[in-house]
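Raw contents of upload-v7.txt, compact mmCIF, C-alpha atoms:
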```txt
# COMPACT_ATOMS: atom_id res chain seq x y z
CA MET A 239 -0.51 -8.32 20.22
CA ASP A 240 0.89 -6.03 22.90
CA PRO A 241 -1.02 -2.70 22.75
CA ALA A 242 2.12 -0.74 23.66
CA TYR A 243 3.93 -2.31 20.70
CA ILE A 244 1.08 -1.45 18.35
CA GLU A 245 1.04 2.13 19.57
CA ASP A 246 4.79 2.64 19.35
CA PRO A 247 6.73 -0.09 17.55
CA PHE A 248 9.28 2.44 16.31
CA THR A 249 11.40 2.64 19.46
CA ILE A 250 11.81 -1.13 19.41
CA TRP A 251 12.65 -1.21 15.70
CA ASP A 252 15.17 1.63 16.11
CA LYS A 253 16.90 -0.35 18.85
CA LEU A 254 16.86 -3.59 16.86
CA ARG A 255 18.21 -1.90 13.73
CA VAL A 256 21.37 -1.05 15.67
CA THR A 257 21.75 -4.11 17.89
CA CYS A 258 20.15 -6.93 15.92
CA PRO A 259 19.06 -5.84 12.43
CA VAL A 260 17.83 -9.31 11.48
CA ALA A 261 16.00 -10.32 14.63
CA HIS A 262 14.34 -13.63 15.35
CA THR A 263 11.29 -14.25 17.47
CA ASP A 264 9.88 -17.60 18.54
CA ARG A 265 6.44 -16.10 18.99
CA ARG A 266 3.67 -17.16 16.66
CA GLY A 267 5.51 -20.07 15.15
CA GLY A 268 8.72 -18.08 14.68
CA ALA A 269 9.73 -15.34 12.29
CA TRP A 270 12.65 -13.20 11.23
CA LEU A 271 12.16 -9.45 11.46
CA LEU A 272 14.10 -7.23 9.06
CA THR A 273 14.55 -3.62 10.16
CA THR A 274 17.05 -1.98 7.78
CA TYR A 275 16.19 -0.42 4.44
CA ASP A 276 18.95 -2.35 2.75
CA ASP A 277 17.86 -5.78 4.04
CA VAL A 278 14.18 -5.21 3.33
CA SER A 279 14.98 -4.04 -0.17
CA LYS A 280 17.36 -6.96 -0.80
CA ALA A 281 14.87 -9.56 0.40
CA ALA A 282 12.07 -7.98 -1.65
CA HIS A 283 14.15 -8.44 -4.80
CA ASP A 284 15.41 -11.92 -3.96
CA ILE A 285 12.32 -13.84 -5.04
CA GLU A 286 14.30 -17.06 -5.45
CA ARG A 287 15.04 -17.28 -1.73
CA PHE A 288 12.03 -15.37 -0.42
CA SER A 289 8.75 -16.67 -1.78
CA SER A 290 5.39 -14.94 -1.56
CA LEU A 291 3.43 -18.15 -1.13
CA GLU A 292 2.92 -17.14 2.51
CA VAL A 293 2.51 -13.39 3.01
CA GLY A 294 0.38 -13.20 6.16
CA VAL A 295 2.15 -11.59 9.09
CA ILE A 296 0.03 -13.20 11.78
CA GLY A 297 -0.55 -16.91 12.05
CA ALA A 298 1.00 -19.56 9.88
CA GLU A 299 -1.39 -21.27 7.54
CA GLU A 300 -1.74 -24.81 8.70
CA GLY A 301 -3.31 -27.76 6.98
CA GLU A 302 -4.82 -27.87 3.53
CA PRO A 303 -5.28 -24.67 1.53
CA ASP A 304 -8.83 -23.43 1.07
CA PRO A 305 -10.22 -25.49 -1.83
CA LEU A 306 -12.03 -22.41 -3.11
CA LEU A 307 -8.79 -20.41 -3.15
CA PRO A 308 -6.20 -22.94 -4.26
CA TYR A 309 -3.75 -20.17 -5.15
CA GLY A 310 -4.50 -17.84 -2.26
CA LEU A 311 -4.87 -14.26 -3.44
CA PRO A 312 -2.81 -13.89 -6.61
CA PRO A 313 -0.70 -12.02 -7.52
CA ILE A 314 0.23 -11.03 -3.94
CA SER A 315 0.43 -14.59 -2.64
CA SER A 316 2.17 -16.05 -5.67
CA ASP A 317 5.54 -16.24 -7.37
CA PRO A 318 6.12 -16.14 -11.14
CA PRO A 319 4.72 -17.38 -13.46
CA LEU A 320 1.23 -17.08 -11.85
CA HIS A 321 2.24 -13.75 -10.35
CA THR A 322 3.27 -12.29 -13.70
CA TRP A 323 0.09 -12.76 -15.69
CA THR A 324 -2.37 -12.14 -12.88
CA ARG A 325 -0.61 -8.91 -12.00
CA ARG A 326 -0.66 -7.84 -15.63
CA LEU A 327 -4.44 -8.23 -15.65
CA LEU A 328 -4.86 -6.12 -12.52
CA LEU A 329 -2.49 -3.24 -13.23
CA PRO A 330 -4.50 -1.42 -15.94
CA TRP A 331 -7.35 -1.04 -13.43
CA PHE A 332 -4.98 1.08 -11.37
CA SER A 333 -3.31 3.02 -14.20
CA HIS A 334 -2.94 6.79 -14.20
CA THR A 335 -5.82 7.19 -16.63
CA ARG A 336 -8.15 5.17 -14.41
CA ILE A 337 -7.02 6.99 -11.29
CA GLU A 338 -8.05 10.30 -12.83
CA GLU A 339 -11.59 8.91 -13.20
CA TYR A 340 -11.65 7.68 -9.60
CA GLU A 341 -10.34 11.03 -8.36
CA VAL A 342 -13.59 12.81 -9.22
CA LEU A 343 -15.51 10.18 -7.31
CA THR A 344 -13.13 10.32 -4.34
CA ARG A 345 -13.30 14.08 -4.02
CA ASP A 346 -17.06 14.06 -4.10
CA LEU A 347 -17.15 11.30 -1.50
CA CYS A 348 -14.78 13.18 0.84
CA ARG A 349 -16.86 16.34 0.55
CA ARG A 350 -20.08 14.54 1.35
CA GLN A 351 -18.55 12.80 4.35
CA ILE A 352 -17.28 16.09 5.76
CA GLU A 353 -20.60 17.85 5.23
CA GLY A 354 -22.19 15.08 7.25
CA PHE A 355 -20.29 15.93 10.46
CA ILE A 356 -18.81 19.40 10.13
CA GLY A 357 -21.77 21.04 11.87
CA GLU A 358 -21.14 18.94 14.96
CA GLY A 359 -17.75 20.47 15.65
CA HIS A 360 -16.26 17.05 16.30
CA ALA A 361 -15.85 13.70 14.55
CA ASP A 362 -14.03 10.43 14.67
CA ALA A 363 -11.57 11.09 11.84
CA ALA A 364 -10.88 7.36 11.53
CA VAL A 365 -14.41 5.96 11.63
CA ASP A 366 -16.43 8.81 10.10
CA TYR A 367 -13.90 9.81 7.46
CA ALA A 368 -10.77 7.73 6.70
CA GLN A 369 -12.60 4.41 6.92
CA GLN A 370 -15.41 5.56 4.62
CA ILE A 371 -13.33 6.48 1.58
CA PRO A 372 -11.22 3.63 0.10
CA VAL A 373 -13.91 0.96 0.49
CA ARG A 374 -16.28 2.84 -1.79
CA ILE A 375 -13.72 3.31 -4.56
CA ILE A 376 -12.79 -0.37 -4.37
CA ALA A 377 -16.48 -1.29 -4.58
CA THR A 378 -16.71 0.75 -7.79
CA ILE A 379 -13.71 -1.04 -9.32
CA LEU A 380 -15.09 -4.45 -8.43
CA GLY A 381 -18.57 -3.43 -9.53
CA VAL A 382 -20.18 -4.29 -6.20
CA PRO A 383 -22.66 -2.02 -4.39
CA ALA A 384 -21.11 0.71 -2.24
CA THR A 385 -24.15 0.38 0.05
CA LEU A 386 -22.45 -2.76 1.41
CA SER A 387 -19.36 -0.78 2.42
CA ASP A 388 -19.72 -1.42 6.14
CA THR A 389 -20.11 -5.13 5.51
CA PHE A 390 -16.99 -5.23 3.33
CA THR A 391 -15.05 -3.26 5.92
CA GLY A 392 -16.15 -5.69 8.63
CA TRP A 393 -15.00 -8.72 6.64
CA VAL A 394 -11.63 -7.17 5.84
CA ARG A 395 -11.05 -6.26 9.50
CA ASP A 396 -11.93 -9.80 10.53
CA VAL A 397 -9.30 -11.15 8.17
CA LEU A 398 -6.48 -8.69 8.89
CA GLU A 399 -6.98 -7.28 12.36
CA PHE A 400 -8.32 -10.40 13.98
CA ALA A 401 -6.04 -12.90 12.28
CA ASP A 402 -5.20 -14.00 15.85
CA GLU A 403 -8.77 -15.14 16.39
CA LYS A 404 -8.89 -18.06 13.99
CA GLU A 405 -12.67 -18.42 13.95
CA ARG A 406 -13.28 -14.75 13.31
CA ALA A 407 -10.60 -14.47 10.63
CA LYS A 408 -11.96 -17.56 8.91
CA SER A 409 -15.53 -16.36 8.95
CA GLY A 410 -14.46 -13.02 7.43
CA GLY A 411 -12.46 -14.79 4.73
CA ASP A 412 -15.29 -17.23 3.99
CA ALA A 413 -17.78 -14.38 3.72
CA ILE A 414 -15.59 -12.62 1.14
CA VAL A 415 -15.20 -15.79 -0.93
CA MET A 416 -18.90 -16.64 -0.81
CA TYR A 417 -19.82 -13.13 -1.83
CA MET A 418 -17.33 -13.15 -4.70
CA ILE A 419 -18.62 -16.53 -5.93
CA GLU A 420 -22.09 -15.06 -6.16
CA GLN A 421 -20.82 -11.94 -7.96
CA LEU A 422 -18.71 -13.99 -10.36
CA GLU A 423 -21.67 -16.15 -11.38
CA LEU A 424 -23.77 -13.05 -12.04
CA ARG A 425 -21.10 -11.57 -14.27
CA LYS A 426 -20.45 -14.73 -16.21
CA LYS A 427 -24.01 -14.42 -17.48
CA ASP A 428 -24.31 -10.67 -17.58
CA PRO A 429 -20.96 -8.87 -17.86
CA GLN A 430 -20.68 -5.26 -16.64
CA ASP A 431 -17.89 -2.71 -16.88
CA ASP A 432 -15.96 -3.89 -13.85
CA LEU A 433 -12.94 -5.94 -12.84
CA ILE A 434 -14.80 -9.14 -11.95
CA SER A 435 -16.60 -9.13 -15.33
CA GLU A 436 -13.36 -8.60 -17.20
CA LEU A 437 -11.65 -11.47 -15.40
CA ALA A 438 -14.68 -13.70 -15.98
CA HIS A 439 -14.42 -13.12 -19.71
CA THR A 440 -10.63 -13.10 -20.17
CA ILE A 441 -8.93 -15.87 -22.08
CA HIS A 442 -5.49 -16.75 -20.74
CA ASP A 443 -3.35 -19.34 -22.54
CA GLY A 444 -6.33 -20.32 -24.66
CA GLU A 445 -8.62 -20.95 -21.71
CA ALA A 446 -10.96 -19.07 -19.42
CA ILE A 447 -9.34 -18.19 -16.10
CA GLU A 448 -10.05 -20.69 -13.33
CA ASP A 449 -12.68 -19.52 -10.84
CA GLY A 450 -10.20 -20.08 -8.01
CA VAL A 451 -7.83 -17.52 -9.53
CA ILE A 452 -10.56 -14.95 -10.18
CA LEU A 453 -11.96 -15.28 -6.65
CA GLY A 454 -8.46 -14.82 -5.25
CA MET A 455 -7.81 -11.74 -7.36
CA ALA A 456 -11.13 -10.13 -6.50
CA GLY A 457 -10.64 -10.98 -2.82
CA LEU A 458 -7.18 -9.44 -2.94
CA VAL A 459 -8.47 -6.16 -4.36
CA LEU A 460 -11.02 -5.97 -1.56
CA ILE A 461 -8.62 -6.93 1.23
CA ALA A 462 -5.62 -4.93 0.05
CA GLY A 463 -7.49 -1.82 -1.01
CA ILE A 464 -9.50 -0.99 2.07
CA ASP A 465 -7.83 -0.79 5.45
CA THR A 466 -4.36 -0.07 4.04
CA THR A 467 -5.30 3.31 2.60
CA TRP A 468 -7.74 4.04 5.38
CA SER A 469 -4.84 3.52 7.82
CA ALA A 470 -2.62 5.90 5.87
CA ILE A 471 -5.33 8.58 5.83
CA GLY A 472 -5.97 8.09 9.56
CA SER A 473 -2.29 8.22 10.54
CA SER A 474 -1.77 11.39 8.52
CA LEU A 475 -4.75 13.09 10.18
CA TRP A 476 -3.52 11.85 13.58
CA HIS A 477 -0.22 13.61 12.84
CA LEU A 478 -1.86 16.83 11.65
CA ALA A 479 -4.19 16.90 14.67
CA GLN A 480 -1.13 17.10 16.89
CA HIS A 481 1.02 19.30 14.66
CA PRO A 482 -1.10 22.36 13.81
CA GLU A 483 2.03 23.98 12.35
CA ASP A 484 2.17 21.25 9.68
CA ALA A 485 -1.56 21.58 8.97
CA ALA A 486 -1.18 25.37 8.68
CA ARG A 487 1.77 24.97 6.33
CA LEU A 488 -0.16 22.63 4.04
CA VAL A 489 -3.04 25.10 3.96
CA ALA A 490 -0.70 28.00 3.15
CA GLU A 491 1.46 26.04 0.69
CA PRO A 492 -0.84 23.52 -1.00
CA GLU A 493 1.88 22.79 -3.57
CA LEU A 494 3.65 20.84 -0.80
CA MET A 495 0.87 18.27 -0.70
CA ASP A 496 2.60 15.83 -3.07
CA SER A 497 5.81 15.64 -1.06
CA ALA A 498 3.81 15.65 2.18
CA VAL A 499 1.82 12.63 1.02
CA GLU A 500 5.08 10.78 0.30
CA GLU A 501 6.40 11.78 3.69
CA PHE A 502 3.30 10.54 5.51
CA LEU A 503 3.55 7.29 3.56
CA ARG A 504 7.17 6.98 4.62
CA ILE A 505 6.84 7.73 8.30
CA TYR A 506 3.45 6.07 8.87
CA SER A 507 3.77 3.21 6.37
CA PRO A 508 0.80 1.00 7.18
CA VAL A 509 1.78 -2.31 5.62
CA THR A 510 4.13 -5.13 6.62
CA MET A 511 4.24 -8.25 4.46
CA ALA A 512 5.78 -11.67 5.04
CA ARG A 513 7.88 -13.98 2.88
CA MET A 514 8.69 -17.67 3.15
CA VAL A 515 12.28 -18.88 2.93
CA THR A 516 12.58 -21.39 0.10
CA LEU A 517 15.83 -23.13 1.13
CA ASP A 518 18.33 -23.35 3.98
CA THR A 519 20.40 -20.24 3.53
CA GLU A 520 22.22 -17.37 5.18
CA PHE A 521 20.99 -13.79 5.09
CA HIS A 522 22.98 -10.92 6.60
CA GLY A 523 24.92 -13.49 8.60
CA CYS A 524 21.82 -15.23 9.95
CA PRO A 525 21.04 -18.89 9.34
CA MET A 526 17.60 -19.19 7.81
CA HIS A 527 15.81 -22.45 7.14
CA LYS A 528 13.43 -23.57 4.47
CA GLY A 529 9.91 -22.66 5.53
CA ASP A 530 10.95 -19.86 7.91
CA LYS A 531 8.84 -16.75 7.90
CA VAL A 532 10.49 -13.39 7.20
CA LEU A 533 8.71 -10.14 8.03
CA MET A 534 9.29 -7.45 5.44
CA ASN A 535 9.14 -4.54 7.81
CA PHE A 536 8.59 -1.73 5.32
CA PRO A 537 7.64 0.72 8.12
CA ALA A 538 10.98 0.12 9.87
CA ALA A 539 12.95 0.29 6.61
CA ASN A 540 11.41 3.69 5.99
CA ARG A 541 12.80 5.02 9.28
CA ASP A 542 16.32 3.74 8.73
CA PRO A 543 18.73 6.66 9.32
CA GLU A 544 21.18 5.06 6.87
CA ALA A 545 18.61 5.64 4.12
CA PHE A 546 16.91 8.86 5.25
CA GLU A 547 18.21 12.03 6.86
CA ARG A 548 16.23 13.01 9.98
CA ALA A 549 14.53 9.64 9.56
CA ASP A 550 12.25 9.96 12.58
CA GLU A 551 11.02 13.47 11.72
CA VAL A 552 8.16 14.49 9.48
CA VAL A 553 9.67 16.76 6.82
CA LEU A 554 6.79 17.90 4.63
CA ASP A 555 9.04 19.09 1.81
CA ARG A 556 11.47 16.17 1.91
CA ALA A 557 12.99 16.18 -1.58
CA HIS A 558 14.73 12.79 -1.57
CA ASN A 559 12.31 10.10 -0.51
CA ARG A 560 12.90 6.59 -1.81
CA HIS A 561 10.48 5.09 0.68
CA VAL A 562 9.20 1.55 0.25
CA ALA A 563 5.75 1.96 1.80
CA PHE A 564 4.40 0.11 -1.24
CA GLY A 565 7.20 -2.44 -1.17
CA SER A 566 9.72 -2.82 -3.95
CA GLY A 567 10.54 -5.40 -6.58
CA ILE A 568 7.96 -7.42 -8.49
CA HIS A 569 5.36 -7.20 -5.70
CA ARG A 570 5.23 -3.38 -5.63
CA CYS A 571 1.70 -2.57 -4.49
CA ALA A 572 -0.48 -2.74 -7.60
CA GLY A 573 -2.80 -0.11 -6.14
CA SER A 574 -0.12 2.42 -5.19
CA ASN A 575 -1.39 5.07 -7.63
CA LEU A 576 -4.89 4.72 -6.24
CA ALA A 577 -3.71 4.88 -2.63
CA ARG A 578 -1.63 8.00 -3.29
CA MET A 579 -4.55 9.74 -4.95
CA GLU A 580 -6.98 8.78 -2.17
CA LEU A 581 -4.61 9.97 0.55
CA LYS A 582 -3.92 13.24 -1.23
CA VAL A 583 -7.56 14.02 -1.98
CA ALA A 584 -8.68 13.02 1.53
CA LEU A 585 -6.15 15.38 3.12
CA GLU A 586 -6.84 18.22 0.67
CA GLU A 587 -10.58 18.08 1.23
CA TRP A 588 -10.24 17.76 5.00
CA LEU A 589 -7.88 20.75 5.25
CA ARG A 590 -10.04 22.83 2.90
CA ARG A 591 -13.01 22.56 5.25
CA ILE A 592 -11.24 21.85 8.55
CA PRO A 593 -7.91 23.68 8.53
CA GLU A 594 -7.71 23.77 12.33
CA PHE A 595 -8.41 20.70 14.44
CA HIS A 596 -6.93 18.78 17.34
CA LEU A 597 -7.39 15.57 19.28
CA ALA A 598 -10.44 15.62 21.53
CA GLU A 599 -9.54 16.18 25.16
CA GLY A 600 -9.01 12.87 26.91
CA ALA A 601 -9.46 11.13 23.56
CA ARG A 602 -8.60 7.49 23.43
CA VAL A 603 -6.93 6.91 20.07
CA THR A 604 -6.88 3.18 19.35
CA TRP A 605 -4.58 1.48 16.88
CA ALA A 606 -4.53 -1.66 14.79
CA GLY A 607 -1.11 -3.19 14.15
CA GLY A 608 0.61 -6.20 12.66
CA GLN A 609 -0.05 -6.57 8.95
CA VAL A 610 -1.63 -3.12 8.69
CA ARG A 611 -1.01 -0.34 11.19
CA GLY A 612 -3.22 2.68 11.64
CA PRO A 613 -5.69 4.39 13.98
CA ARG A 614 -9.09 2.74 14.34
CA SER A 615 -10.57 5.47 16.49
CA LEU A 616 -9.43 9.08 16.22
CA PRO A 617 -11.72 11.57 17.99
CA VAL A 618 -10.96 15.14 16.94
CA VAL A 619 -12.59 18.53 17.52
CA PHE A 620 -12.59 21.54 15.21
CA MET B 11 21.95 15.38 -21.00
CA LYS B 12 20.05 12.14 -21.48
CA VAL B 13 18.47 9.68 -19.07
CA ARG B 14 17.52 6.08 -19.39
CA VAL B 15 15.20 3.82 -17.41
CA ASP B 16 16.31 0.26 -16.85
CA ASP B 17 13.26 -1.80 -17.86
CA ASP B 18 14.38 -4.76 -15.78
CA LYS B 19 14.56 -2.63 -12.65
CA CYS B 20 11.48 -0.43 -13.16
CA GLN B 21 8.53 -1.83 -11.21
CA GLY B 22 6.03 0.88 -12.01
CA HIS B 23 6.15 3.05 -8.88
CA ALA B 24 5.65 5.99 -11.28
CA ARG B 25 7.51 8.43 -9.04
CA CYS B 26 9.50 9.74 -12.02
CA HIS B 27 6.31 10.46 -13.92
CA ALA B 28 4.90 12.32 -10.93
CA LEU B 29 8.03 14.43 -10.50
CA ALA B 30 9.09 15.01 -14.14
CA PRO B 31 6.16 14.20 -16.44
CA GLU B 32 7.82 16.17 -19.24
CA VAL B 33 10.60 13.59 -19.37
CA PHE B 34 8.98 10.35 -18.14
CA ASP B 35 5.75 8.97 -19.50
CA VAL B 36 4.07 5.96 -17.95
CA ASP B 37 2.15 3.08 -19.54
CA ASP B 38 -1.00 1.32 -18.33
CA TYR B 39 1.14 -1.01 -16.22
CA GLY B 40 2.85 1.88 -14.49
CA HIS B 41 6.13 1.33 -16.27
CA SER B 42 8.18 4.35 -17.13
CA ILE B 43 8.93 5.27 -20.72
CA VAL B 44 11.34 8.10 -21.45
CA ARG B 45 10.04 10.69 -23.86
CA ASP B 46 12.13 11.96 -26.77
CA ASP B 47 14.64 9.12 -26.47
CA GLY B 48 15.54 10.28 -22.96
CA LEU B 49 16.72 13.71 -24.01
CA VAL B 50 16.17 16.11 -21.11
CA PRO B 51 14.85 19.46 -22.33
CA GLU B 52 16.62 22.57 -21.12
CA GLY B 53 15.47 23.63 -17.67
CA TYR B 54 14.33 20.18 -16.55
CA GLN B 55 17.59 19.00 -15.01
CA GLU B 56 16.40 19.68 -11.47
CA LYS B 57 13.18 17.74 -11.95
CA VAL B 58 15.10 14.82 -13.39
CA ASP B 59 17.47 14.85 -10.41
CA LEU B 60 14.42 14.57 -8.16
CA ALA B 61 13.05 11.68 -10.22
CA ILE B 62 16.35 9.85 -9.87
CA ALA B 63 16.51 10.48 -6.12
CA ASN B 64 12.95 9.22 -5.55
CA CYS B 65 13.04 5.99 -7.54
CA PRO B 66 12.83 3.11 -5.02
CA GLU B 67 14.27 0.74 -7.63
CA PHE B 68 17.32 2.85 -8.56
CA ALA B 69 16.19 2.32 -12.17
CA ILE B 70 17.06 5.72 -13.66
CA THR B 71 20.55 6.59 -14.84
CA GLU B 72 22.00 9.70 -16.37
CA LEU B 73 23.84 9.32 -19.63
CA GLU B 74 26.35 11.73 -21.08
CA VAL B 75 25.20 13.64 -24.13
CA ARG B 76 26.83 12.10 -27.14
CA PRO B 77 28.35 14.44 -29.69
```
Exercise: express the given structure as structure tokens:
Amino acid sequence: MDPAYIEDPFTIWDKLRVTCPVAHTDRRGGAWLLTTYDDVSKAAHDIERFSSLEVGVIGAEEGEPDPLLPYGLPPISSDPPLHTWTRRLLLPWFSHTRIEEYEVLTRDLCRRQIEGFIGEGHADAAVDYAQQIPVRIIATILGVPATLSDTFTGWVRDVLEFADEKERAKSGGDAIVMYMIEQLELRKKDPQDDLISELAHTIHDGEAIEDGVILGMAGLVLIAGIDTTWSAIGSSLWHLAQHPEDAARLVAEPELMDSAVEEFLRIYSPVTMARMVTLDTEFHGCPMHKGDKVLMNFPAANRDPEAFERADEVVLDRAHNRHVAFGSGIHRCAGSNLARMELKVALEEWLRRIPEFHLAEGARVTWAGGQVRGPRSLPVVF
Amino acid sequence: MKVRVDDDKCQGHARCHALAPEVFDVDDYGHSIVRDDGLVPEGYQEKVDLAIANCPEFAITELEVRP
């Protein structure tokens, strides 16, 4: 992917939204790109015409599906009815009550990370901080050891960031599945208080859940819960590093943190998802064909001036913010409560100890883009 | 005044609960449940307006108070 596009896709999306709101590209097997809030929202709710059987932004799946994951990663890669019951099993793990438990853990984790580098006067806010947080909470939910965090992070990056490199993406995906198979077998015999154990011992429709479904669900939690939130934390810190006035305001008015978190989610939405057209149809005047890929550009929708005043500005106390960073419709991010909490706690703890910081001189900030956009290296000094 | 949440539209974003917890409760699936049959206590109108304006599903509607 073009590095300039990854660093600043917004100028292109702003142009497209006006000139060609439903754009088509022939690159990567072809795809439609939606850029208005209205279109993205409409397509997200039109599950009859826009299926979730293919949600990967990069690379079309070719050939036979993975025999170990016959349903992909439900519920994200499924339509009802599979979507409905698998999602219902996941949601309570991300309920408000659960999130309160994880918050204690998250805050402690953030504090320990900061103590590890604060004496140095500089850090990579992406690698040393943002990247370290969500993976450990996800490990707790799955019941897998947080000591393997770097390994998990590596696998997830292989799958999402290097989807272009087929071999690498496949090896990351295979590693996740193999690991989950091992964990599932352990929990079938010796259940613990974690998501994999619960799924292994749940009866659905009178039968135990198929291994292929459980592996997909566990894989989804790992893949969806790590670099998404880490990207949101990193982008927010990237913003604050360059806007000391915003950092100072959040320190002086901590009650603004909730609306600020929503605003960062809106303007730096990390995630784009895809849909697959189910029949030959017309959408916003464009002829779409069965099997076409449609990119649900949530980040572009969230900068649509028709939907948001001062859409391209960060307004920390924005009162009306119907952003769709977590999507909308039946596929609303199941982990949105967790992500919000992690982002809020990560920013609060950072600003508590490091209220003043800026990008390191001559720093090379690098970005990942595509399915998940966010900084991968963010050198700052304080 | 009273509010209602359209169960078919609500997808569990839980924005209303975050902005007006006195009026909107939330279940384990994230779905919003109005407290007190949707009756908005005095002084909470502003919070409810915010909840309405932040719901990505446009699931909350205001109802007139019935006599």
- Task: Starting from chain B, keep only residues with some atom at most 9 Å from an atom of chain A, counting only C-alpha atoms, and report them as a ChimeraX atom specification.
- Result: /B:19-24,28,36-40,60-68
- Name the residues in contact with segment 525-531 of chain A at a cut-off of 7 Å, using all atoms listed in the file, excluding same-chain residues fewer than 3 positions from it; report them as a ChimeraX atom specification. /A:268-270,512-521
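As for atom CA of Asp432 of chain A and atom CA of Leu458 of chain A, they are spaced 15.1 Å apart.
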- So how many Å separate atom CA of Leu306 of chain A and atom CA of Gly450 of chain A, to one decimal? 5.7 Å
- Query: Between atom CA of Cys348 of chain A and atom CA of Glu501 of chain A, what is the spacing in Å?
  - Reply: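 Atom CA of Cys348 of chain A lies at a distance of 21.4 Å from atom CA of Glu501 of chain A.
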- Task: Could you pull out every residue with an atom within 12 Å of (2.5, -21.0, -2.9), file coordinates, counting all atoms listed in the file, and send them as a ChimeraX atom specification?
- Result: /A:288-293,299,302-303,307-321,513-516,529
Write out, as an mmCIF file, in the frame of the given file, the residues just selected, with C-alpha atoms.
```
data_model
loop_
_atom_site.group_PDB
_atom_site.id
_atom_site.type_symbol
_atom_site.label_atom_id
_atom_site.label_comp_id
_atom_site.auth_asym_id
_atom_site.auth_seq_id
_atom_site.Cartn_x
_atom_site.Cartn_y
_atom_site.Cartn_z
ATOM 1 C CA PHE A 288 12.030 -15.370 -0.420
ATOM 2 C CA SER A 289 8.750 -16.670 -1.780
ATOM 3 C CA SER A 290 5.390 -14.940 -1.560
ATOM 4 C CA LEU A 291 3.430 -18.150 -1.130
ATOM 5 C CA GLU A 292 2.920 -17.140 2.510
ATOM 6 C CA VAL A 293 2.510 -13.390 3.010
ATOM 7 C CA GLU A 299 -1.390 -21.270 7.540
ATOM 8 C CA GLU A 302 -4.820 -27.870 3.530
ATOM 9 C CA PRO A 303 -5.280 -24.670 1.530
ATOM 10 C CA LEU A 307 -8.790 -20.410 -3.150
ATOM 11 C CA PRO A 308 -6.200 -22.940 -4.260
ATOM 12 C CA TYR A 309 -3.750 -20.170 -5.150
ATOM 13 C CA GLY A 310 -4.500 -17.840 -2.260
ATOM 14 C CA LEU A 311 -4.870 -14.260 -3.440
ATOM 15 C CA PRO A 312 -2.810 -13.890 -6.610
ATOM 16 C CA PRO A 313 -0.700 -12.020 -7.520
ATOM 17 C CA ILE A 314 0.230 -11.030 -3.940
ATOM 18 C CA SER A 315 0.430 -14.590 -2.640
ATOM 19 C CA SER A 316 2.170 -16.050 -5.670
ATOM 20 C CA ASP A 317 5.540 -16.240 -7.370
ATOM 21 C CA PRO A 318 6.120 -16.140 -11.140
ATOM 22 C CA PRO A 319 4.720 -17.380 -13.460
ATOM 23 C CA LEU A 320 1.230 -17.080 -11.850
ATOM 24 C CA HIS A 321 2.240 -13.750 -10.350
ATOM 25 C CA ARG A 513 7.880 -13.980 2.880
ATOM 26 C CA MET A 514 8.690 -17.670 3.150
ATOM 27 C CA VAL A 515 12.280 -18.880 2.930
ATOM 28 C CA THR A 516 12.580 -21.390 0.100
ATOM 29 C CA GLY A 529 9.910 -22.660 5.530
#
```
- Pick out the residues sitting within 12 Å of Pro31 of chain B, and hand them over as an NGL selection string; count only C-alpha atoms, and ignore anything fewer than 2 positions along from it in its own chain. (:A and (334)) or (:B and (24-29 or 33-36 or 42-45 or 50-51 or 54 or 57-58 or 60-61))
- Query: For Glu74 of chain B, which residue out of B:Gly48, B:His41, B:Asp59, B:Val15 is the nearest one, using all atoms listed in the file?
  - Reply: B:Gly48
- Message: Excluding segment 541-553 of chain A and its own-chain neighbours fewer than 3 positions away, which residues fall within 6 Å of it when counting only C-alpha atoms? Please give them as a list in words.
- Response: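 Close residues of segment 541-553 of chain A: Thr274, Tyr275, Ala538 and Arg556 of chain A.
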- Hey, can you pull every residue with an atom no more than 12 Å from (-2.1, 14.0, 11.2), using only C-alpha atoms, and send it as a ChimeraX atom specification? /A:363-364,368,469-486,488,498-499,501-503,505-506,552,554,581,584-585,588-589,593-597,612-613,616,618
Got a sec: who's within 12 Å of Asp412 of chain A, counting all atoms listed in the file, leaving out chain neighbours fewer than 2 positions off, as an mmCIF file with C-alpha atoms, in the coordinates of the input?
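Output file part-v5.cif is given in full below:
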```cif
data_model
loop_
_atom_site.group_PDB
_atom_site.id
_atom_site.type_symbol
_atom_site.label_atom_id
_atom_site.label_comp_id
_atom_site.auth_asym_id
_atom_site.auth_seq_id
_atom_site.Cartn_x
_atom_site.Cartn_y
_atom_site.Cartn_z
ATOM 1 C CA ASP A 304 -8.830 -23.430 1.070
ATOM 2 C CA PRO A 305 -10.220 -25.490 -1.830
ATOM 3 C CA LEU A 306 -12.030 -22.410 -3.110
ATOM 4 C CA LEU A 307 -8.790 -20.410 -3.150
ATOM 5 C CA TRP A 393 -15.000 -8.720 6.640
ATOM 6 C CA VAL A 394 -11.630 -7.170 5.840
ATOM 7 C CA ASP A 396 -11.930 -9.800 10.530
ATOM 8 C CA VAL A 397 -9.300 -11.150 8.170
ATOM 9 C CA LYS A 404 -8.890 -18.060 13.990
ATOM 10 C CA GLU A 405 -12.670 -18.420 13.950
ATOM 11 C CA ARG A 406 -13.280 -14.750 13.310
ATOM 12 C CA ALA A 407 -10.600 -14.470 10.630
ATOM 13 C CA LYS A 408 -11.960 -17.560 8.910
ATOM 14 C CA SER A 409 -15.530 -16.360 8.950
ATOM 15 C CA GLY A 410 -14.460 -13.020 7.430
ATOM 16 C CA ILE A 414 -15.590 -12.620 1.140
ATOM 17 C CA VAL A 415 -15.200 -15.790 -0.930
ATOM 18 C CA MET A 416 -18.900 -16.640 -0.810
ATOM 19 C CA TYR A 417 -19.820 -13.130 -1.830
ATOM 20 C CA MET A 418 -17.330 -13.150 -4.700
ATOM 21 C CA ILE A 419 -18.620 -16.530 -5.930
ATOM 22 C CA LEU A 453 -11.960 -15.280 -6.650
ATOM 23 C CA GLY A 454 -8.460 -14.820 -5.250
ATOM 24 C CA GLY A 457 -10.640 -10.980 -2.820
#
```
